[in-house]
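The structure under discussion appears below in the form of structure tokens.
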Amino acid sequence: MAMLNRVHLNGLRAVEAVARLGSLAAAASELNVSVSAVSQQIKRTEKQLGRALFERTASGLVLTEFGAVFTTRLGAGFRELAQAVALADEASECTLVVSVAPAFASKWLLPRLSRHFARHPNVLLRIDASGRITDLDRSDINIGIRMGDGTWPGVRAELLLAQEVFPVCAPSIAARLKSIQDLAQTCAITDEQSMISWDSWFEAAGVEPVTFLKGARFTDPMLCLESAIAGHGVMLAWQLLTADALADGRLVAPFGVRAESGLGYWMVTSASKSESRKVRDFKIWVREEIEATMAQFSSLESAA
């Protein structure tokens with residue numbers, strides 16, 4: 001391999017192209033350079049090798065005996081290189097990169113991914129779990145799921161689910177909550193980064209806000225959720241964050257009142273790029289899973 005260091009790759013490309021296509025002009029067109037540049041690359045390569053690859057004739061370049069053997073092997077090498085690059089393209093084509101917030105990924109998306117794998121076994125999902133807003137035009141992100149009001153520049157935004165907020169707590173705490181006023185005897189678990197507040201929920205419930213006992217404060221909704229499950233107090237939550245914990249009884253929504261937050265989960269894609277089949281399939285799958293989750297919510301409320 002060390003011998004390759006004495007020969008420039010661009011020169012080898014020029015030699016291979018001329019040998020395969022039969023002329024300087026055809027090689028120049030394929031390589032998107034001038035005829036003069038191709039000719040100079042060939043001369044430089046011959047000098048580096050110390051052997052003539054072509055004879056210069058009135059009708060053009062003709063391979064020497066050595067040149068014929070050399071370019072046969074060179075062509076095989078470039079075909080191998082092309083196949084190696086194609087592997088990277090194929091891997092990229094079959095990989096779907098999804099940008100989501102860590103809480104959404106961990107508490108809702110991850111437990112359901114096996115169904116996407118089963119439906120689309122040839123698609124490799126890569127989850128970019130981050131709270132940052134990624135520029136979809138300057139990254140490898142194919143689709144994002146964001147929480148907000150849907151007004152982000154440079155993207156196509158499709159509402160996935162309007163976010164509704166409601167209190168949740170462990171069953172042991174719910175048993176002591178006979179009325180909304182009893183919340184004053186509980187601790188509030190607070191997400192310091194949250195865009196939602198208790199005021200909208202109390203308004204939806206038609207009661208005056210109560211003052212909670214001081215409770216734990218976190219900067220991550222997943223920690224708030226785990227604190228609520230552990231019985232540390234009451235948390236103001238939303239559908240997808242708590243869906244599985246409510247379904248299996250780790251949490252209870254004690255009052256059956258949900259308030260609109262003005263926010264929602266949105267699927268976002270680049271406004272300047274066409275959507276691939278894998279993105280369209282992912283959208284269909286996510287909407288089906290959301291529909292199943294909300295049907296589960298309805299059944300829980302009916303049973304309450």
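Chain labels run A, B, ... following the order of the structure tokens; each chain numbers its residues from 1, and ligands are numbered from 1 in the order shown.
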
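Residues in contact with Thr211 in chain A at 12 Å, where only C-alpha atoms are counted and same-chain residues fewer than 6 positions away are skipped, are listed as Ile180, Gln181, Asp182, Leu183, Ala184, Gln185, Thr186, Cys187, Ala188, Trp198, Asp199 and Phe202 of chain A.
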
Let's have the selection written as a PDB file, in the first residue's frame, with N, CA and C atoms.
```pdb
ATOM      1  N   ILE A 180     -60.603  18.674  44.534  1.00  0.00           N
ATOM      2  CA  ILE A 180     -59.456  19.435  44.042  1.00  0.00           C
ATOM      3  C   ILE A 180     -58.815  20.243  45.165  1.00  0.00           C
ATOM      4  N   GLN A 181     -59.609  20.679  46.116  1.00  0.00           N
ATOM      5  CA  GLN A 181     -59.063  21.450  47.240  1.00  0.00           C
ATOM      6  C   GLN A 181     -58.062  20.625  48.062  1.00  0.00           C
ATOM      7  N   ASP A 182     -58.190  19.315  48.006  1.00  0.00           N
ATOM      8  CA  ASP A 182     -57.251  18.461  48.744  1.00  0.00           C
ATOM      9  C   ASP A 182     -55.837  18.528  48.194  1.00  0.00           C
ATOM     10  N   LEU A 183     -55.690  19.093  46.983  1.00  0.00           N
ATOM     11  CA  LEU A 183     -54.346  19.271  46.436  1.00  0.00           C
ATOM     12  C   LEU A 183     -53.486  20.157  47.324  1.00  0.00           C
ATOM     13  N   ALA A 184     -54.127  21.004  48.105  1.00  0.00           N
ATOM     14  CA  ALA A 184     -53.384  21.881  49.016  1.00  0.00           C
ATOM     15  C   ALA A 184     -52.630  21.093  50.075  1.00  0.00           C
ATOM     16  N   GLN A 185     -52.986  19.845  50.267  1.00  0.00           N
ATOM     17  CA  GLN A 185     -52.320  19.000  51.256  1.00  0.00           C
ATOM     18  C   GLN A 185     -51.272  18.094  50.605  1.00  0.00           C
ATOM     19  N   THR A 186     -50.956  18.361  49.339  1.00  0.00           N
ATOM     20  CA  THR A 186     -49.957  17.549  48.636  1.00  0.00           C
ATOM     21  C   THR A 186     -48.809  18.434  48.137  1.00  0.00           C
ATOM     22  N   CYS A 187     -47.722  17.793  47.776  1.00  0.00           N
ATOM     23  CA  CYS A 187     -46.562  18.502  47.217  1.00  0.00           C
ATOM     24  C   CYS A 187     -46.670  18.547  45.692  1.00  0.00           C
ATOM     25  N   ALA A 188     -46.307  19.683  45.137  1.00  0.00           N
ATOM     26  CA  ALA A 188     -46.264  19.809  43.683  1.00  0.00           C
ATOM     27  C   ALA A 188     -44.865  19.436  43.193  1.00  0.00           C
ATOM     28  N   TRP A 198     -49.983  25.382  36.070  1.00  0.00           N
ATOM     29  CA  TRP A 198     -51.198  24.874  36.700  1.00  0.00           C
ATOM     30  C   TRP A 198     -52.408  25.780  36.459  1.00  0.00           C
ATOM     31  N   ASP A 199     -52.185  27.048  36.162  1.00  0.00           N
ATOM     32  CA  ASP A 199     -53.309  27.994  36.065  1.00  0.00           C
ATOM     33  C   ASP A 199     -54.337  27.552  35.031  1.00  0.00           C
ATOM     34  N   PHE A 202     -56.480  24.647  36.474  1.00  0.00           N
ATOM     35  CA  PHE A 202     -57.483  25.077  37.462  1.00  0.00           C
ATOM     36  C   PHE A 202     -58.636  25.818  36.775  1.00  0.00           C
TER      37      PHE A 202
END
```

task = Might you pull out every residue within 12 Å of range 296-301 of chain A, with only C-alpha atoms counted and same-chain residues fewer than 3 positions away left off, and present them as a VMD selection string?
result = chain A and resid 164 238 to 240 242 to 249 251 to 258 289 to 293 304

request  = Quick one: everything within 7 Å of Ala157 in chain A, counting only C-alpha atoms, minus sequence neighbours fewer than 2 positions away in the same chain. Send it as a ChimeraX atom specification.
outcome  = /A:150,155,159,266-269

Excluding range 69-73 of chain A and its own-chain neighbours fewer than 2 positions away, which residues fall within 8 Å of it when counting only C-alpha atoms? Please give them as a PDB file with all heavy atoms, in the first residue's frame.
```pdb
ATOM      1  N   VAL A  15      -6.313   8.282 -15.924  1.00  0.00           N
ATOM      2  CA  VAL A  15      -5.845   7.150 -16.728  1.00  0.00           C
ATOM      3  C   VAL A  15      -6.967   6.132 -16.920  1.00  0.00           C
ATOM      4  O   VAL A  15      -7.226   5.657 -18.033  1.00  0.00           O
ATOM      5  CB  VAL A  15      -4.625   6.482 -16.053  1.00  0.00           C
ATOM      6  CG1 VAL A  15      -4.301   5.142 -16.716  1.00  0.00           C
ATOM      7  CG2 VAL A  15      -3.419   7.406 -16.107  1.00  0.00           C
ATOM      8  N   GLU A  16      -7.653   5.782 -15.851  1.00  0.00           N
ATOM      9  CA  GLU A  16      -8.726   4.785 -15.929  1.00  0.00           C
ATOM     10  C   GLU A  16      -9.855   5.267 -16.827  1.00  0.00           C
ATOM     11  O   GLU A  16     -10.401   4.497 -17.632  1.00  0.00           O
ATOM     12  CB  GLU A  16      -9.257   4.498 -14.519  1.00  0.00           C
ATOM     13  CG  GLU A  16     -10.232   3.347 -14.423  1.00  0.00           C
ATOM     14  CD  GLU A  16     -11.673   3.725 -14.772  1.00  0.00           C
ATOM     15  OE1 GLU A  16     -12.025   4.922 -14.609  1.00  0.00           O
ATOM     16  OE2 GLU A  16     -12.425   2.840 -15.207  1.00  0.00           O
ATOM     17  N   ALA A  19      -8.763   5.128 -20.548  1.00  0.00           N
ATOM     18  CA  ALA A  19      -8.691   3.746 -21.015  1.00  0.00           C
ATOM     19  C   ALA A  19     -10.079   3.159 -21.205  1.00  0.00           C
ATOM     20  O   ALA A  19     -10.334   2.418 -22.163  1.00  0.00           O
ATOM     21  CB  ALA A  19      -7.890   2.911 -20.019  1.00  0.00           C
ATOM     22  N   LEU A  53       2.082   4.683 -20.391  1.00  0.00           N
ATOM     23  CA  LEU A  53       0.789   3.993 -20.394  1.00  0.00           C
ATOM     24  C   LEU A  53       0.097   4.104 -21.753  1.00  0.00           C
ATOM     25  O   LEU A  53      -0.686   3.225 -22.120  1.00  0.00           O
ATOM     26  CB  LEU A  53      -0.121   4.574 -19.308  1.00  0.00           C
ATOM     27  CG  LEU A  53       0.390   4.423 -17.869  1.00  0.00           C
ATOM     28  CD1 LEU A  53      -0.481   5.229 -16.921  1.00  0.00           C
ATOM     29  CD2 LEU A  53       0.422   2.963 -17.460  1.00  0.00           C
ATOM     30  N   GLU A  65       1.439  -1.886 -24.204  1.00  0.00           N
ATOM     31  CA  GLU A  65       1.226  -3.246 -23.683  1.00  0.00           C
ATOM     32  C   GLU A  65       1.133  -3.207 -22.157  1.00  0.00           C
ATOM     33  O   GLU A  65       0.248  -3.816 -21.562  1.00  0.00           O
ATOM     34  CB  GLU A  65       2.370  -4.162 -24.125  1.00  0.00           C
ATOM     35  CG  GLU A  65       2.186  -5.617 -23.691  1.00  0.00           C
ATOM     36  CD  GLU A  65       3.300  -6.507 -24.204  1.00  0.00           C
ATOM     37  OE1 GLU A  65       4.090  -6.059 -25.045  1.00  0.00           O
ATOM     38  OE2 GLU A  65       3.374  -7.664 -23.735  1.00  0.00           O
ATOM     39  N   PHE A  66       2.048  -2.451 -21.546  1.00  0.00           N
ATOM     40  CA  PHE A  66       1.992  -2.309 -20.087  1.00  0.00           C
ATOM     41  C   PHE A  66       0.718  -1.575 -19.664  1.00  0.00           C
ATOM     42  O   PHE A  66       0.069  -1.935 -18.685  1.00  0.00           O
ATOM     43  CB  PHE A  66       3.221  -1.541 -19.580  1.00  0.00           C
ATOM     44  CG  PHE A  66       3.132  -1.147 -18.143  1.00  0.00           C
ATOM     45  CD1 PHE A  66       3.293  -2.085 -17.127  1.00  0.00           C
ATOM     46  CD2 PHE A  66       2.855   0.174 -17.791  1.00  0.00           C
ATOM     47  CE1 PHE A  66       3.193  -1.712 -15.789  1.00  0.00           C
ATOM     48  CE2 PHE A  66       2.745   0.546 -16.454  1.00  0.00           C
ATOM     49  CZ  PHE A  66       2.921  -0.397 -15.443  1.00  0.00           C
ATOM     50  N   GLY A  67       0.370  -0.537 -20.444  1.00  0.00           N
ATOM     51  CA  GLY A  67      -0.813   0.246 -20.110  1.00  0.00           C
ATOM     52  C   GLY A  67      -2.082  -0.582 -20.123  1.00  0.00           C
ATOM     53  O   GLY A  67      -2.986  -0.381 -19.295  1.00  0.00           O
ATOM     54  N   GLY A  75      -8.971  -0.508 -13.476  1.00  0.00           N
ATOM     55  CA  GLY A  75     -10.425  -0.461 -13.617  1.00  0.00           C
ATOM     56  C   GLY A  75     -11.127  -1.328 -12.598  1.00  0.00           C
ATOM     57  O   GLY A  75     -12.154  -0.932 -12.023  1.00  0.00           O
ATOM     58  N   ALA A  76     -10.563  -2.515 -12.353  1.00  0.00           N
ATOM     59  CA  ALA A  76     -11.153  -3.396 -11.334  1.00  0.00           C
ATOM     60  C   ALA A  76     -11.097  -2.746  -9.963  1.00  0.00           C
ATOM     61  O   ALA A  76     -12.043  -2.830  -9.167  1.00  0.00           O
ATOM     62  CB  ALA A  76     -10.413  -4.735 -11.321  1.00  0.00           C
ATOM     63  N   GLY A  77      -9.992  -2.055  -9.686  1.00  0.00           N
ATOM     64  CA  GLY A  77      -9.865  -1.372  -8.399  1.00  0.00           C
ATOM     65  C   GLY A  77     -10.879  -0.265  -8.222  1.00  0.00           C
ATOM     66  O   GLY A  77     -11.486  -0.117  -7.152  1.00  0.00           O
TER      67      GLY A  77
END
```

request  = Take CA of His232 in chain A and CA of Val100 in chain A and report the distance between them in Å, one decimal.
outcome  = 27.6 Å

message = Neighbouring residues of Leu31 in chain A were defined as those with any atom within 9 Å, considering only C-alpha atoms; residues of the same chain fewer than 3 positions away were excluded. Please report them as a count of residues only.
response = 8

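Among A:Trp201, A:Glu208, A:Leu109, A:Ser270, the residue with the shortest atom-to-atom distance to Arg287 in chain A, counting only C-alpha atoms, is A:Leu109.
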
ask   = Hey, which of A:Ser29, A:Thr190, A:Ser23, A:Ser99 ends up closest to Ser139 in chain A? Count only C-alpha atoms.
value =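 Checking each of A:Ser29, A:Thr190, A:Ser23, A:Ser99 against Ser139 in chain A, counting only C-alpha atoms, the winner is A:Ser99.
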
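The strand (DSSP E) portion of range 141-209 of chain A consists of A:Ile143, A:Gly144, A:Ile145, A:Arg146, A:Met147, A:Gly148, A:Val155, A:Arg156, A:Ala157, A:Glu158, A:Leu159, A:Leu160, A:Leu161, A:Ala162, A:Gln163, A:Glu164, A:Val165, A:Phe166, A:Pro167, A:Val168, A:Ala188, A:Ile189, A:Thr190, A:Asp191, with states taken from DSSP on the backbone.
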
Just-selected residues, N, CA, C and O atoms written as an mmCIF file, in the first residue's frame:
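Here's the written file again06.cif:
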```
data_model
loop_
_atom_site.group_PDB
_atom_site.id
_atom_site.type_symbol
_atom_site.label_atom_id
_atom_site.label_comp_id
_atom_site.auth_asym_id
_atom_site.auth_seq_id
_atom_site.Cartn_x
_atom_site.Cartn_y
_atom_site.Cartn_z
ATOM 1 N N ILE A 143 -36.601 13.599 9.872
ATOM 2 C CA ILE A 143 -37.874 14.081 10.412
ATOM 3 C C ILE A 143 -37.701 14.366 11.899
ATOM 4 O O ILE A 143 -36.936 13.678 12.587
ATOM 5 N N GLY A 144 -38.389 15.386 12.379
ATOM 6 C CA GLY A 144 -38.347 15.711 13.794
ATOM 7 C C GLY A 144 -39.742 15.684 14.391
ATOM 8 O O GLY A 144 -40.735 15.878 13.678
ATOM 9 N N ILE A 145 -39.809 15.422 15.678
ATOM 10 C CA ILE A 145 -41.062 15.549 16.421
ATOM 11 C C ILE A 145 -40.806 16.573 17.514
ATOM 12 O O ILE A 145 -39.968 16.359 18.395
ATOM 13 N N ARG A 146 -41.480 17.695 17.414
ATOM 14 C CA ARG A 146 -41.233 18.815 18.315
ATOM 15 C C ARG A 146 -42.487 19.177 19.085
ATOM 16 O O ARG A 146 -43.606 19.001 18.600
ATOM 17 N N MET A 147 -42.271 19.716 20.280
ATOM 18 C CA MET A 147 -43.373 20.253 21.056
ATOM 19 C C MET A 147 -43.353 21.772 20.928
ATOM 20 O O MET A 147 -42.302 22.404 21.057
ATOM 21 N N GLY A 148 -44.510 22.342 20.649
ATOM 22 C CA GLY A 148 -44.587 23.789 20.521
ATOM 23 C C GLY A 148 -45.882 24.192 19.854
ATOM 24 O O GLY A 148 -46.875 23.452 19.887
ATOM 25 N N VAL A 155 -39.561 24.828 7.874
ATOM 26 C CA VAL A 155 -40.009 23.440 7.987
ATOM 27 C C VAL A 155 -41.473 23.312 7.581
ATOM 28 O O VAL A 155 -42.229 24.278 7.620
ATOM 29 N N ARG A 156 -41.845 22.092 7.186
ATOM 30 C CA ARG A 156 -43.252 21.727 7.065
ATOM 31 C C ARG A 156 -43.651 21.121 8.400
ATOM 32 O O ARG A 156 -43.027 20.157 8.855
ATOM 33 N N ALA A 157 -44.663 21.664 9.035
ATOM 34 C CA ALA A 157 -45.093 21.187 10.345
ATOM 35 C C ALA A 157 -46.507 20.624 10.257
ATOM 36 O O ALA A 157 -47.413 21.285 9.753
ATOM 37 N N GLU A 158 -46.683 19.386 10.744
ATOM 38 C CA GLU A 158 -47.984 18.735 10.756
ATOM 39 C C GLU A 158 -48.333 18.378 12.203
ATOM 40 O O GLU A 158 -47.554 17.699 12.875
ATOM 41 N N LEU A 159 -49.476 18.851 12.655
ATOM 42 C CA LEU A 159 -49.878 18.578 14.034
ATOM 43 C C LEU A 159 -50.088 17.085 14.232
ATOM 44 O O LEU A 159 -50.830 16.446 13.481
ATOM 45 N N LEU A 160 -49.437 16.559 15.234
ATOM 46 C CA LEU A 160 -49.561 15.147 15.575
ATOM 47 C C LEU A 160 -50.583 14.957 16.685
ATOM 48 O O LEU A 160 -51.462 14.094 16.612
ATOM 49 N N LEU A 161 -50.491 15.787 17.722
ATOM 50 C CA LEU A 161 -51.424 15.684 18.846
ATOM 51 C C LEU A 161 -51.401 16.978 19.635
ATOM 52 O O LEU A 161 -50.343 17.444 20.050
ATOM 53 N N ALA A 162 -52.590 17.578 19.820
ATOM 54 C CA ALA A 162 -52.697 18.748 20.688
ATOM 55 C C ALA A 162 -52.449 18.307 22.125
ATOM 56 O O ALA A 162 -53.010 17.318 22.590
ATOM 57 N N GLN A 163 -51.601 19.038 22.798
ATOM 58 C CA GLN A 163 -51.214 18.638 24.152
ATOM 59 C C GLN A 163 -52.219 19.146 25.178
ATOM 60 O O GLN A 163 -52.519 20.337 25.243
ATOM 61 N N GLU A 164 -52.724 18.218 25.974
ATOM 62 C CA GLU A 164 -53.609 18.552 27.086
ATOM 63 C C GLU A 164 -52.895 18.209 28.393
ATOM 64 O O GLU A 164 -52.158 17.225 28.460
ATOM 65 N N VAL A 165 -53.118 19.023 29.404
ATOM 66 C CA VAL A 165 -52.413 18.831 30.675
ATOM 67 C C VAL A 165 -53.395 18.458 31.779
ATOM 68 O O VAL A 165 -54.565 18.863 31.764
ATOM 69 N N PHE A 166 -52.906 17.691 32.740
ATOM 70 C CA PHE A 166 -53.754 17.207 33.838
ATOM 71 C C PHE A 166 -52.845 16.688 34.957
ATOM 72 O O PHE A 166 -51.699 16.302 34.718
ATOM 73 N N PRO A 167 -53.343 16.668 36.193
ATOM 74 C CA PRO A 167 -52.531 16.176 37.306
ATOM 75 C C PRO A 167 -52.433 14.652 37.282
ATOM 76 O O PRO A 167 -53.395 13.953 36.919
ATOM 77 N N VAL A 168 -51.283 14.147 37.678
ATOM 78 C CA VAL A 168 -51.100 12.709 37.875
ATOM 79 C C VAL A 168 -50.342 12.496 39.168
ATOM 80 O O VAL A 168 -49.569 13.349 39.606
ATOM 81 N N ALA A 188 -46.307 19.683 45.137
ATOM 82 C CA ALA A 188 -46.264 19.809 43.683
ATOM 83 C C ALA A 188 -44.865 19.436 43.193
ATOM 84 O O ALA A 188 -43.857 19.923 43.708
ATOM 85 N N ILE A 189 -44.809 18.547 42.221
ATOM 86 C CA ILE A 189 -43.547 18.193 41.569
ATOM 87 C C ILE A 189 -43.412 19.099 40.356
ATOM 88 O O ILE A 189 -44.268 19.095 39.466
ATOM 89 N N THR A 190 -42.352 19.872 40.298
ATOM 90 C CA THR A 190 -42.244 20.941 39.313
ATOM 91 C C THR A 190 -41.107 20.695 38.328
ATOM 92 O O THR A 190 -39.985 20.373 38.720
ATOM 93 N N ASP A 191 -41.439 20.867 37.048
ATOM 94 C CA ASP A 191 -40.437 20.857 35.992
ATOM 95 C C ASP A 191 -40.068 22.312 35.709
ATOM 96 O O ASP A 191 -40.868 23.071 35.170
#
```
